[in-house]
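K.L.:
Have a look at this one before I ask anything.
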Amino acid sequence: QVHVVESGGGLVQAGGSLRLSCDVSGRTFSDYAMGWFRQAPGKEREFVAAINWSGGSTYYAVSVKGRFTISRDNAKNTVYLQMNSLKPEDTAVYYCAAGYYLKYYSGSHYSMPDHYDYWGQGTQVTVSA
C-alpha cells in the first residue's frame, strides 16, 4: 500500500506563489511517476503536471505551463509543485497521485487519471482576486 499526503495549500492573493508538497510512503518512491491534478467546485478533476520516476521528464497542462514547476526528491520521497503567478482560476483542491505503470509510457498518458494508482486526500488552494 502506498500512502500519499499533500500539504502546503492555503489562501494567497492573485500574483502570489505557493509550493505544494506531496509525501509518499509504503513502497519504493522512485518506482512511481507522480502527478498533480486539481478539481474546482462544480468541475471535473483536471490534470496539472506530472513527472517521471527519475525527474528527467515533466509534463504540464497548457493552463499552467510557464507558471508551475513540478519536481521530485527521490531521497526524501517527496514531489513538489511550485506555483507562481497564481490566478483566481487556479482555485481548487489539488491532488497528488502516484502511478506505477507509467514507467512504461510517455507523453499524454501522464495526464490520464486512470493511469494513477494511489491518490492523496487533497489540499485546498484559494487565490483571491
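All residue names refer to the C-alpha cells as shown: chains lettered A, B, ... in order, residues numbered from 1 in each chain, ligands numbered from 1 in order.
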Could the residues of stretch 45-73 of chain A that have an atom at most 12 Å from stretch 116-122 of chain A be listed as a Markdown table, each with its closest atom pair and the distance in Å to one decimal, counting only C-alpha atoms and ordered by chain and ascending residue number?

P.N.:
| residue | atom | partner | partner_atom | distance |
| --- | --- | --- | --- | --- |
| A:Arg45 | CA | A:Gly122 | CA | 11.5 |
| A:Phe47 | CA | A:Tyr116 | CA | 11.5 |
| A:Ala50 | CA | A:Tyr116 | CA | 10.7 |

K.L.:
Could you save the residues just selected, with C-alpha atoms, as an mmCIF file, in the first residue's frame?

P.N.:
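Contents of selection-v7.cif, freshly written:
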data_model
loop_
_atom_site.group_PDB
_atom_site.id
_atom_site.type_symbol
_atom_site.label_atom_id
_atom_site.label_comp_id
_atom_site.auth_asym_id
_atom_site.auth_seq_id
_atom_site.Cartn_x
_atom_site.Cartn_y
_atom_site.Cartn_z
ATOM 1 C CA ARG A 45 -10.806 16.804 -11.981
ATOM 2 C CA PHE A 47 -4.505 17.362 -14.989
ATOM 3 C CA ALA A 50 3.422 15.215 -13.893
#

K.L.:
Hey, what does DSSP flag as helix (DSSP H, G or I) within chain A? Can you give it to me as a ChimeraX atom specification?

P.N.:
/A:29-31,88-90,101-104,107-111,113-115

K.L.:
Please write the residues from the selection above to a file, keeping N, CA and C atoms, as a short mmCIF file (atom, residue, chain, number, x, y, z; two decimals), in the first residue's frame.

P.N.:
data_model
loop_
_atom_site.label_atom_id
_atom_site.label_comp_id
_atom_site.auth_asym_id
_atom_site.auth_seq_id
_atom_site.Cartn_x
_atom_site.Cartn_y
_atom_site.Cartn_z
N PHE A 29 9.70 4.82 -3.71
CA PHE A 29 9.18 6.04 -4.33
C PHE A 29 9.61 6.18 -5.78
N SER A 30 10.84 5.83 -6.07
CA SER A 30 11.36 6.02 -7.43
C SER A 30 10.75 5.04 -8.44
N ASP A 31 9.94 4.12 -7.98
CA ASP A 31 9.23 3.23 -8.91
C ASP A 31 8.00 3.91 -9.52
N PRO A 88 -6.98 33.65 -9.88
CA PRO A 88 -8.19 33.14 -9.20
C PRO A 88 -8.69 31.82 -9.80
N GLU A 89 -8.49 31.63 -11.09
CA GLU A 89 -8.95 30.39 -11.72
C GLU A 89 -8.11 29.17 -11.34
N ASP A 90 -7.02 29.38 -10.61
CA ASP A 90 -6.25 28.26 -10.08
C ASP A 90 -6.85 27.71 -8.79
N TYR A 101 2.69 2.01 -13.31
CA TYR A 101 2.91 1.53 -14.67
C TYR A 101 3.22 2.63 -15.66
N LEU A 102 3.19 3.88 -15.20
CA LEU A 102 3.54 4.98 -16.09
C LEU A 102 5.00 4.93 -16.53
N LYS A 103 5.82 4.11 -15.86
CA LYS A 103 7.21 3.98 -16.28
C LYS A 103 7.31 3.41 -17.69
N TYR A 104 6.23 2.76 -18.15
CA TYR A 104 6.23 2.16 -19.47
C TYR A 104 5.62 3.08 -20.52
N GLY A 107 4.54 10.93 -22.52
CA GLY A 107 3.64 11.90 -23.13
C GLY A 107 2.27 11.97 -22.52
N SER A 108 1.25 11.88 -23.35
CA SER A 108 -0.11 12.17 -22.93
C SER A 108 -0.64 11.22 -21.88
N HIS A 109 -0.05 10.06 -21.76
CA HIS A 109 -0.51 9.09 -20.74
C HIS A 109 -0.39 9.67 -19.34
N TYR A 110 0.56 10.57 -19.15
CA TYR A 110 0.77 11.13 -17.82
C TYR A 110 -0.37 12.04 -17.38
N SER A 111 -1.18 12.50 -18.31
CA SER A 111 -2.28 13.38 -17.97
C SER A 111 -3.58 12.62 -17.68
N PRO A 113 -5.95 10.39 -15.49
CA PRO A 113 -6.13 9.95 -14.09
C PRO A 113 -6.15 8.43 -13.93
N ASP A 114 -6.66 7.72 -14.93
CA ASP A 114 -6.77 6.26 -14.81
C ASP A 114 -5.42 5.57 -14.73
N HIS A 115 -4.35 6.26 -15.11
CA HIS A 115 -3.01 5.66 -15.06
C HIS A 115 -2.37 5.81 -13.68
#

K.L.:
Which residues of stretch 26-57 of chain A sit at most 12 Å from stretch 5-20 of chain A, using only C-alpha atoms? Give each one's shortest atom pair and distance in Å (one decimal place), in chain and ascending residue order, as a tab-separated table.

P.N.:
residue	atom	partner	partner_atom	distance
A:Gly26	CA	A:Val5	CA	11.7
A:Gly35	CA	A:Glu6	CA	11.7
A:Trp36	CA	A:Leu20	CA	9.7
A:Phe37	CA	A:Glu6	CA	11.6
A:Arg38	CA	A:Gly9	CA	11.9

K.L.:
For the residues selected in the previous step, produce a file with N, CA, C and O atoms as a tab-separated table (two decimals), in the first residue's frame.

P.N.:
chain	number	residue	atom	x	y	z
A	26	GLY	N	5.46	3.80	1.86
A	26	GLY	CA	4.91	2.47	1.70
A	26	GLY	C	5.58	1.61	0.65
A	26	GLY	O	5.59	0.39	0.79
A	35	GLY	N	1.97	12.69	-10.26
A	35	GLY	CA	1.20	13.72	-10.94
A	35	GLY	C	0.42	14.59	-9.96
A	35	GLY	O	0.16	14.18	-8.83
A	36	TRP	N	0.13	15.80	-10.41
A	36	TRP	CA	-0.76	16.71	-9.68
A	36	TRP	C	-2.00	16.96	-10.54
A	36	TRP	O	-1.88	17.22	-11.74
A	37	PHE	N	-3.13	16.85	-9.90
A	37	PHE	CA	-4.41	17.14	-10.52
A	37	PHE	C	-5.14	18.15	-9.64
A	37	PHE	O	-4.76	18.34	-8.47
A	38	ARG	N	-6.17	18.77	-10.17
A	38	ARG	CA	-6.95	19.69	-9.35
A	38	ARG	C	-8.42	19.59	-9.72
A	38	ARG	O	-8.77	19.20	-10.85

K.L.:
From a DSSP pass on the backbone, collect the residues of chain A flagged as strand (DSSP E or B) and hand them back as number ranges by chain.

P.N.:
A: 3-7, 10-13, 18-25, 33-39, 46-51, 58-60, 65, 68-73, 78-83, 92-99, 118-119, 123-128

K.L.:
Next, dump the selected residues to file, keeping only C-alpha atoms, as a PDB file, in the first residue's frame.

P.N.:
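Printed below is selection.pdb as written:
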ATOM      1  CA  HIS A   3       0.262   6.472   1.224  1.00  0.00           C
ATOM      2  CA  VAL A   4       0.123   9.865  -0.419  1.00  0.00           C
ATOM      3  CA  VAL A   5      -0.196  13.027   1.669  1.00  0.00           C
ATOM      4  CA  GLU A   6      -0.352  16.560   0.288  1.00  0.00           C
ATOM      5  CA  SER A   7       0.465  19.737   2.171  1.00  0.00           C
ATOM      6  CA  GLY A  10      -3.684  27.891   1.586  1.00  0.00           C
ATOM      7  CA  LEU A  11      -5.046  31.312   0.713  1.00  0.00           C
ATOM      8  CA  VAL A  12      -2.973  33.612  -1.466  1.00  0.00           C
ATOM      9  CA  GLN A  13      -3.588  36.774  -3.445  1.00  0.00           C
ATOM     10  CA  LEU A  18       2.634  28.671  -3.142  1.00  0.00           C
ATOM     11  CA  ARG A  19       4.595  25.445  -3.003  1.00  0.00           C
ATOM     12  CA  LEU A  20       2.735  22.209  -2.547  1.00  0.00           C
ATOM     13  CA  SER A  21       4.449  19.123  -1.209  1.00  0.00           C
ATOM     14  CA  CYS A  22       3.449  15.503  -1.514  1.00  0.00           C
ATOM     15  CA  ASP A  23       4.985  12.887   0.759  1.00  0.00           C
ATOM     16  CA  VAL A  24       4.817   9.271  -0.316  1.00  0.00           C
ATOM     17  CA  SER A  25       5.407   6.198   1.837  1.00  0.00           C
ATOM     18  CA  ALA A  33       5.661   8.539 -11.698  1.00  0.00           C
ATOM     19  CA  MET A  34       3.913  11.362  -9.876  1.00  0.00           C
ATOM     20  CA  GLY A  35       1.196  13.717 -10.938  1.00  0.00           C
ATOM     21  CA  TRP A  36      -0.755  16.706  -9.682  1.00  0.00           C
ATOM     22  CA  PHE A  37      -4.411  17.144 -10.519  1.00  0.00           C
ATOM     23  CA  ARG A  38      -6.955  19.685  -9.350  1.00  0.00           C
ATOM     24  CA  GLN A  39     -10.691  19.966  -9.006  1.00  0.00           C
ATOM     25  CA  GLU A  46      -8.142  18.059 -14.385  1.00  0.00           C
ATOM     26  CA  PHE A  47      -4.505  17.362 -14.989  1.00  0.00           C
ATOM     27  CA  VAL A  48      -1.989  19.954 -13.802  1.00  0.00           C
ATOM     28  CA  ALA A  49       1.518  18.492 -14.013  1.00  0.00           C
ATOM     29  CA  ALA A  50       3.422  15.215 -13.893  1.00  0.00           C
ATOM     30  CA  ILE A  51       6.960  13.936 -13.576  1.00  0.00           C
ATOM     31  CA  THR A  58       7.980  16.669 -16.900  1.00  0.00           C
ATOM     32  CA  TYR A  59       4.561  17.401 -18.359  1.00  0.00           C
ATOM     33  CA  TYR A  60       2.248  20.356 -17.868  1.00  0.00           C
ATOM     34  CA  LYS A  65       2.868  25.945 -18.284  1.00  0.00           C
ATOM     35  CA  PHE A  68       4.038  25.998 -12.311  1.00  0.00           C
ATOM     36  CA  THR A  69       7.039  23.735 -11.847  1.00  0.00           C
ATOM     37  CA  ILE A  70       6.935  20.111 -10.742  1.00  0.00           C
ATOM     38  CA  SER A  71       9.992  18.479  -9.189  1.00  0.00           C
ATOM     39  CA  ARG A  72      10.823  15.484  -7.042  1.00  0.00           C
ATOM     40  CA  ASP A  73      13.397  14.458  -4.475  1.00  0.00           C
ATOM     41  CA  THR A  78       8.603  13.883  -1.956  1.00  0.00           C
ATOM     42  CA  VAL A  79       7.242  15.616  -5.018  1.00  0.00           C
ATOM     43  CA  TYR A  80       6.701  19.361  -5.187  1.00  0.00           C
ATOM     44  CA  LEU A  81       4.562  21.751  -7.161  1.00  0.00           C
ATOM     45  CA  GLN A  82       5.864  25.301  -7.207  1.00  0.00           C
ATOM     46  CA  MET A  83       3.041  27.599  -8.256  1.00  0.00           C
ATOM     47  CA  ALA A  92      -9.194  24.231  -6.490  1.00  0.00           C
ATOM     48  CA  VAL A  93      -8.440  21.231  -4.376  1.00  0.00           C
ATOM     49  CA  TYR A  94      -5.066  19.913  -5.534  1.00  0.00           C
ATOM     50  CA  TYR A  95      -4.450  16.178  -5.513  1.00  0.00           C
ATOM     51  CA  CYS A  96      -1.193  14.294  -5.721  1.00  0.00           C
ATOM     52  CA  ALA A  97      -1.145  10.854  -7.327  1.00  0.00           C
ATOM     53  CA  ALA A  98       1.331   8.016  -7.873  1.00  0.00           C
ATOM     54  CA  GLY A  99       1.392   5.824 -10.950  1.00  0.00           C
ATOM     55  CA  TYR A 118      -2.764   5.963  -5.453  1.00  0.00           C
ATOM     56  CA  TRP A 119      -4.206   9.347  -4.556  1.00  0.00           C
ATOM     57  CA  THR A 123      -5.105  20.239  -0.265  1.00  0.00           C
ATOM     58  CA  GLN A 124      -7.142  23.398  -0.835  1.00  0.00           C
ATOM     59  CA  VAL A 125      -5.626  26.275  -2.785  1.00  0.00           C
ATOM     60  CA  THR A 126      -7.598  29.516  -2.856  1.00  0.00           C
ATOM     61  CA  VAL A 127      -6.462  32.507  -4.895  1.00  0.00           C
ATOM     62  CA  SER A 128      -8.206  35.772  -4.177  1.00  0.00           C
TER      63      SER A 128
END

K.L.:
Which residues come within 10 Å of A:Thr28, counting only C-alpha atoms, excluding same-chain residues fewer than 4 positions away, as a list in words?

P.N.:
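Here the answer would be Val2, Val24, Tyr32, Asn74 and Asn77 of chain A.
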